[in-house]
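Trainee: After the structure tokens below, expect a handful of questions from me.
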Amino acid sequence: MAVVMVLALLTVAGLVVDGARAESAHISALNEAEQAARVGAATLGAGPRRGTLAPSGEAVAAAEAWMARGGHPGTATVRGNEVLVTIDPFPMPTTLLSVVGIRQVTISAHASARAVDQPVTP
Amino acid sequence: MNKAMLRSEARHGLGRRRPGREAESGAAEAELVMLAPLLLVVAGLILAMARLGLARSRVEDAAGAAVSAAVVAPTASAAQSAASAAARQDLAAGGVTCTTTVVHLDLSSFRPGGEVWARVACTVSLSSAAVPGLPGSVVLAGTGAGPVDPYRNPT
């Protein structure tokens with residue numbers, strides 16, 4: 001009875017602690033993806049003339065370089081004037097949940113940004 | 001035999017301390033009564049960890065908001081005030097009450113094509129962010145970085 005109760009409490013505590021850590025890691029990855037998409041869209045918008053788009057390869061390279069520097073590599077694609085970014089799913093080792101056999105959780109994030117030919121208002 | 005008699009027999013069984021079903025279930029109940037305060041404390045700790053963990057994610061989010069506000073600002077000082085305002089607004093929207101909020105920006109490469117790095121540190125009292133009545137406070141911090149917009153309007 002006591003063993004069951006301790007295991008149950010450990011599981012609940014593990015879900016809480018590691019769930020919150022996963023949420024933080026996810027938000028951090030999301031921030032990184034958003035900024036990668038922004039740098040990609042900025043590159044895409046810097047075409048040879050005003051109002052033209054740069055080659056999509058340059059935008060993809062800029063976005064992917066940002067993610068690689070941030071420590072979580074990912075892939076970028078261009079669709080029209082939009083840059084779509086996906087952080088490659090990466091594992092986050094758990095702390096308390098490893099006691100009940102869950103050793104890691106997978107974190108991933110997506111974001112997108114559009115190249116616009118307008119002044120940006122903060 | 002009616003139900004009342006059955007119950008009284010069971011009580012006698014306990015009274016004689018005969019090792020049987022009734023005695024065992026009594027021991028388990030006593031165990032539960034002794035464990036109850038401990039379980040309450042553990043439940044309180046779990047609640048505290050949950051609320052602090054959630055607040056921690058909000059601070060991470062606020063760091064992202066600070067970066068997003070800073071990278072489109074026209075000047076370094078505008079970046080600082082925009083980032084600070086954005087982070088505070090984000091924390092308030094997330095229901096995190098900080099006793100002190102520090103938004104630190106690294107603006108050493110604040111130029112078109114450069115980058116901005118932000119750290120948001122929020123001090124929360126444990127009694128407001130974890131469990132009411134708990135003394136002490138803790139600093140929750142989050143960081144973020146972003147490329148400076150190449151087309152922001154310099155003033």
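We name chains A, B, ... following the order of the structure tokens; residues begin at 1 in each chain, and ligands are numbered from 1 as shown.
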I need the contact residues of chain B against chain A, so if you could list those with any atom within 9 Å, counting only C-alpha atoms, and return them as an mmCIF file with C-alpha atoms, in the first residue's frame, that would help.
Mentor:
```
data_model
loop_
_atom_site.group_PDB
_atom_site.id
_atom_site.type_symbol
_atom_site.label_atom_id
_atom_site.label_comp_id
_atom_site.auth_asym_id
_atom_site.auth_seq_id
_atom_site.Cartn_x
_atom_site.Cartn_y
_atom_site.Cartn_z
ATOM 1 C CA ALA B 28 -3.785 0.307 7.661
ATOM 2 C CA LEU B 39 0.837 13.380 2.292
ATOM 3 C CA VAL B 42 3.990 16.289 -0.303
ATOM 4 C CA ALA B 43 0.848 17.406 -2.154
ATOM 5 C CA LEU B 45 5.221 20.583 -2.547
ATOM 6 C CA ILE B 46 3.932 19.125 -5.813
ATOM 7 C CA LEU B 47 1.544 22.056 -6.165
ATOM 8 C CA MET B 49 6.596 22.810 -8.115
ATOM 9 C CA ALA B 50 3.769 22.909 -10.642
ATOM 10 C CA ARG B 51 3.077 26.600 -10.139
ATOM 11 C CA LEU B 52 6.769 27.556 -10.113
ATOM 12 C CA GLY B 53 7.400 25.490 -13.232
ATOM 13 C CA LEU B 54 4.559 27.229 -15.013
ATOM 14 C CA ARG B 56 9.287 29.663 -15.170
ATOM 15 C CA SER B 57 7.849 28.949 -18.647
ATOM 16 C CA ARG B 58 6.143 32.343 -18.631
ATOM 17 C CA VAL B 59 9.505 33.997 -17.912
ATOM 18 C CA GLU B 60 11.038 32.101 -20.840
ATOM 19 C CA ASP B 61 8.174 33.384 -22.975
ATOM 20 C CA ALA B 63 12.409 36.678 -22.763
ATOM 21 C CA GLY B 64 11.197 35.847 -26.271
ATOM 22 C CA ALA B 65 8.827 38.833 -26.187
ATOM 23 C CA VAL B 67 13.850 39.945 -27.963
ATOM 24 C CA SER B 68 11.037 40.392 -30.482
ATOM 25 C CA ALA B 69 10.411 43.932 -29.244
ATOM 26 C CA ALA B 70 14.111 44.845 -29.206
ATOM 27 C CA VAL B 71 15.044 43.657 -32.701
ATOM 28 C CA VAL B 72 12.635 46.012 -34.479
ATOM 29 C CA ALA B 73 13.464 49.093 -32.358
ATOM 30 C CA ALA B 82 10.602 48.349 -25.693
ATOM 31 C CA GLY B 113 22.205 42.163 -39.453
ATOM 32 C CA GLY B 142 14.803 33.001 -19.105
ATOM 33 C CA THR B 143 16.985 33.918 -22.060
ATOM 34 C CA GLY B 144 16.489 34.543 -25.745
ATOM 35 C CA ALA B 145 18.310 35.860 -28.801
ATOM 36 C CA GLY B 146 17.242 37.226 -32.134
ATOM 37 C CA PRO B 147 18.616 38.836 -35.302
ATOM 38 C CA VAL B 148 18.243 42.607 -35.585
ATOM 39 C CA ASP B 149 15.820 43.566 -38.306
ATOM 40 C CA PRO B 150 17.828 44.770 -41.335
ATOM 41 C CA TYR B 151 15.061 47.162 -42.391
ATOM 42 C CA ARG B 152 14.111 48.892 -39.162
ATOM 43 C CA ASN B 153 13.721 52.628 -39.560
#
```
Trainee: List the neighbours of stretch 48-61 of chain A out to 7 Å using only C-alpha atoms; skip same-chain residues closer than 4 positions along the sequence, and give me the result as a list of chain:residue names.
Mentor: A:Gly40, A:Ala41, A:Thr43, A:Leu44, A:Ala65, A:Ala76, A:Thr77, A:Val78, A:Asp117
Trainee: Got a sec: who's within 7 Å of B:Thr101, counting only C-alpha atoms, leaving out chain neighbours fewer than 4 positions off, as a short mmCIF file (atom, residue, chain, number, x, y, z; two decimals) with C-alpha atoms, in the first residue's frame?
Mentor:
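Saved to selection.cif:
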```cif
data_model
loop_
_atom_site.label_atom_id
_atom_site.label_comp_id
_atom_site.auth_asym_id
_atom_site.auth_seq_id
_atom_site.Cartn_x
_atom_site.Cartn_y
_atom_site.Cartn_z
CA ALA B 121 15.02 37.64 -14.35
CA CYS B 122 11.87 37.72 -12.27
CA THR B 123 11.94 37.43 -8.49
#
```
Trainee: Tell me, in Å to one decimal, how far atom CA of B:Val120 is from atom CA of A:Pro93.
Mentor: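 Spanning atom CA of B:Val120 to atom CA of A:Pro93 is a straight-line distance of 24.6 Å.
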Trainee: Report the distance between atom CA of A:Ile102 and atom CA of A:Asp88 in Å, rounded to one decimal place.
Mentor: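 The value is 20.6 Å.
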Trainee: Which parts of stretch 80-129 of chain B does DSSP call helix (DSSP H, G or I) when run on the backbone here, written out as a list of chain:residue names?
Mentor: B:Gln80, B:Ser81, B:Ala82, B:Ala83, B:Ser84, B:Ala85, B:Ala86, B:Ala87, B:Arg88, B:Gln89, B:Asp90, B:Leu91, B:Ala92, B:Ala93, B:Leu126, B:Ser127, B:Ser128, B:Ala129
Trainee: Next, the residues of the selection above should be written as a compact mmCIF listing (two decimals), in the first residue's frame with C-alpha atoms.
Mentor:
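So the final result, stored in selection24.txt, reads:
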```
# COMPACT_ATOMS: atom_id res chain seq x y z
CA GLN B 80 15.92 48.63 -24.07
CA SER B 81 12.65 50.32 -23.15
CA ALA B 82 10.60 48.35 -25.69
CA ALA B 83 12.07 45.05 -24.48
CA SER B 84 11.48 45.93 -20.85
CA ALA B 85 7.87 46.94 -21.51
CA ALA B 86 7.18 43.85 -23.63
CA ALA B 87 8.61 41.47 -21.02
CA ARG B 88 6.63 43.06 -18.18
CA GLN B 89 3.44 43.03 -20.21
CA ASP B 90 3.97 39.37 -21.11
CA LEU B 91 4.57 38.42 -17.48
CA ALA B 92 1.50 40.32 -16.34
CA ALA B 93 -0.62 38.66 -19.05
CA LEU B 126 7.06 31.72 -2.82
CA SER B 127 3.85 32.62 -1.02
CA SER B 128 2.39 34.21 -4.16
CA ALA B 129 3.93 31.94 -6.81
```
Trainee: Could you tell me, as a PyMOL selection string, which residues of stretch 112-143 of chain B DSSP assigns to strand (DSSP E) when given the backbone?
Mentor: chain B and resi 115-125+137-143
Trainee: What gap, in Å, lies between atom CA of B:Val124 and atom CA of B:Cys98?
Mentor: 4.8 Å
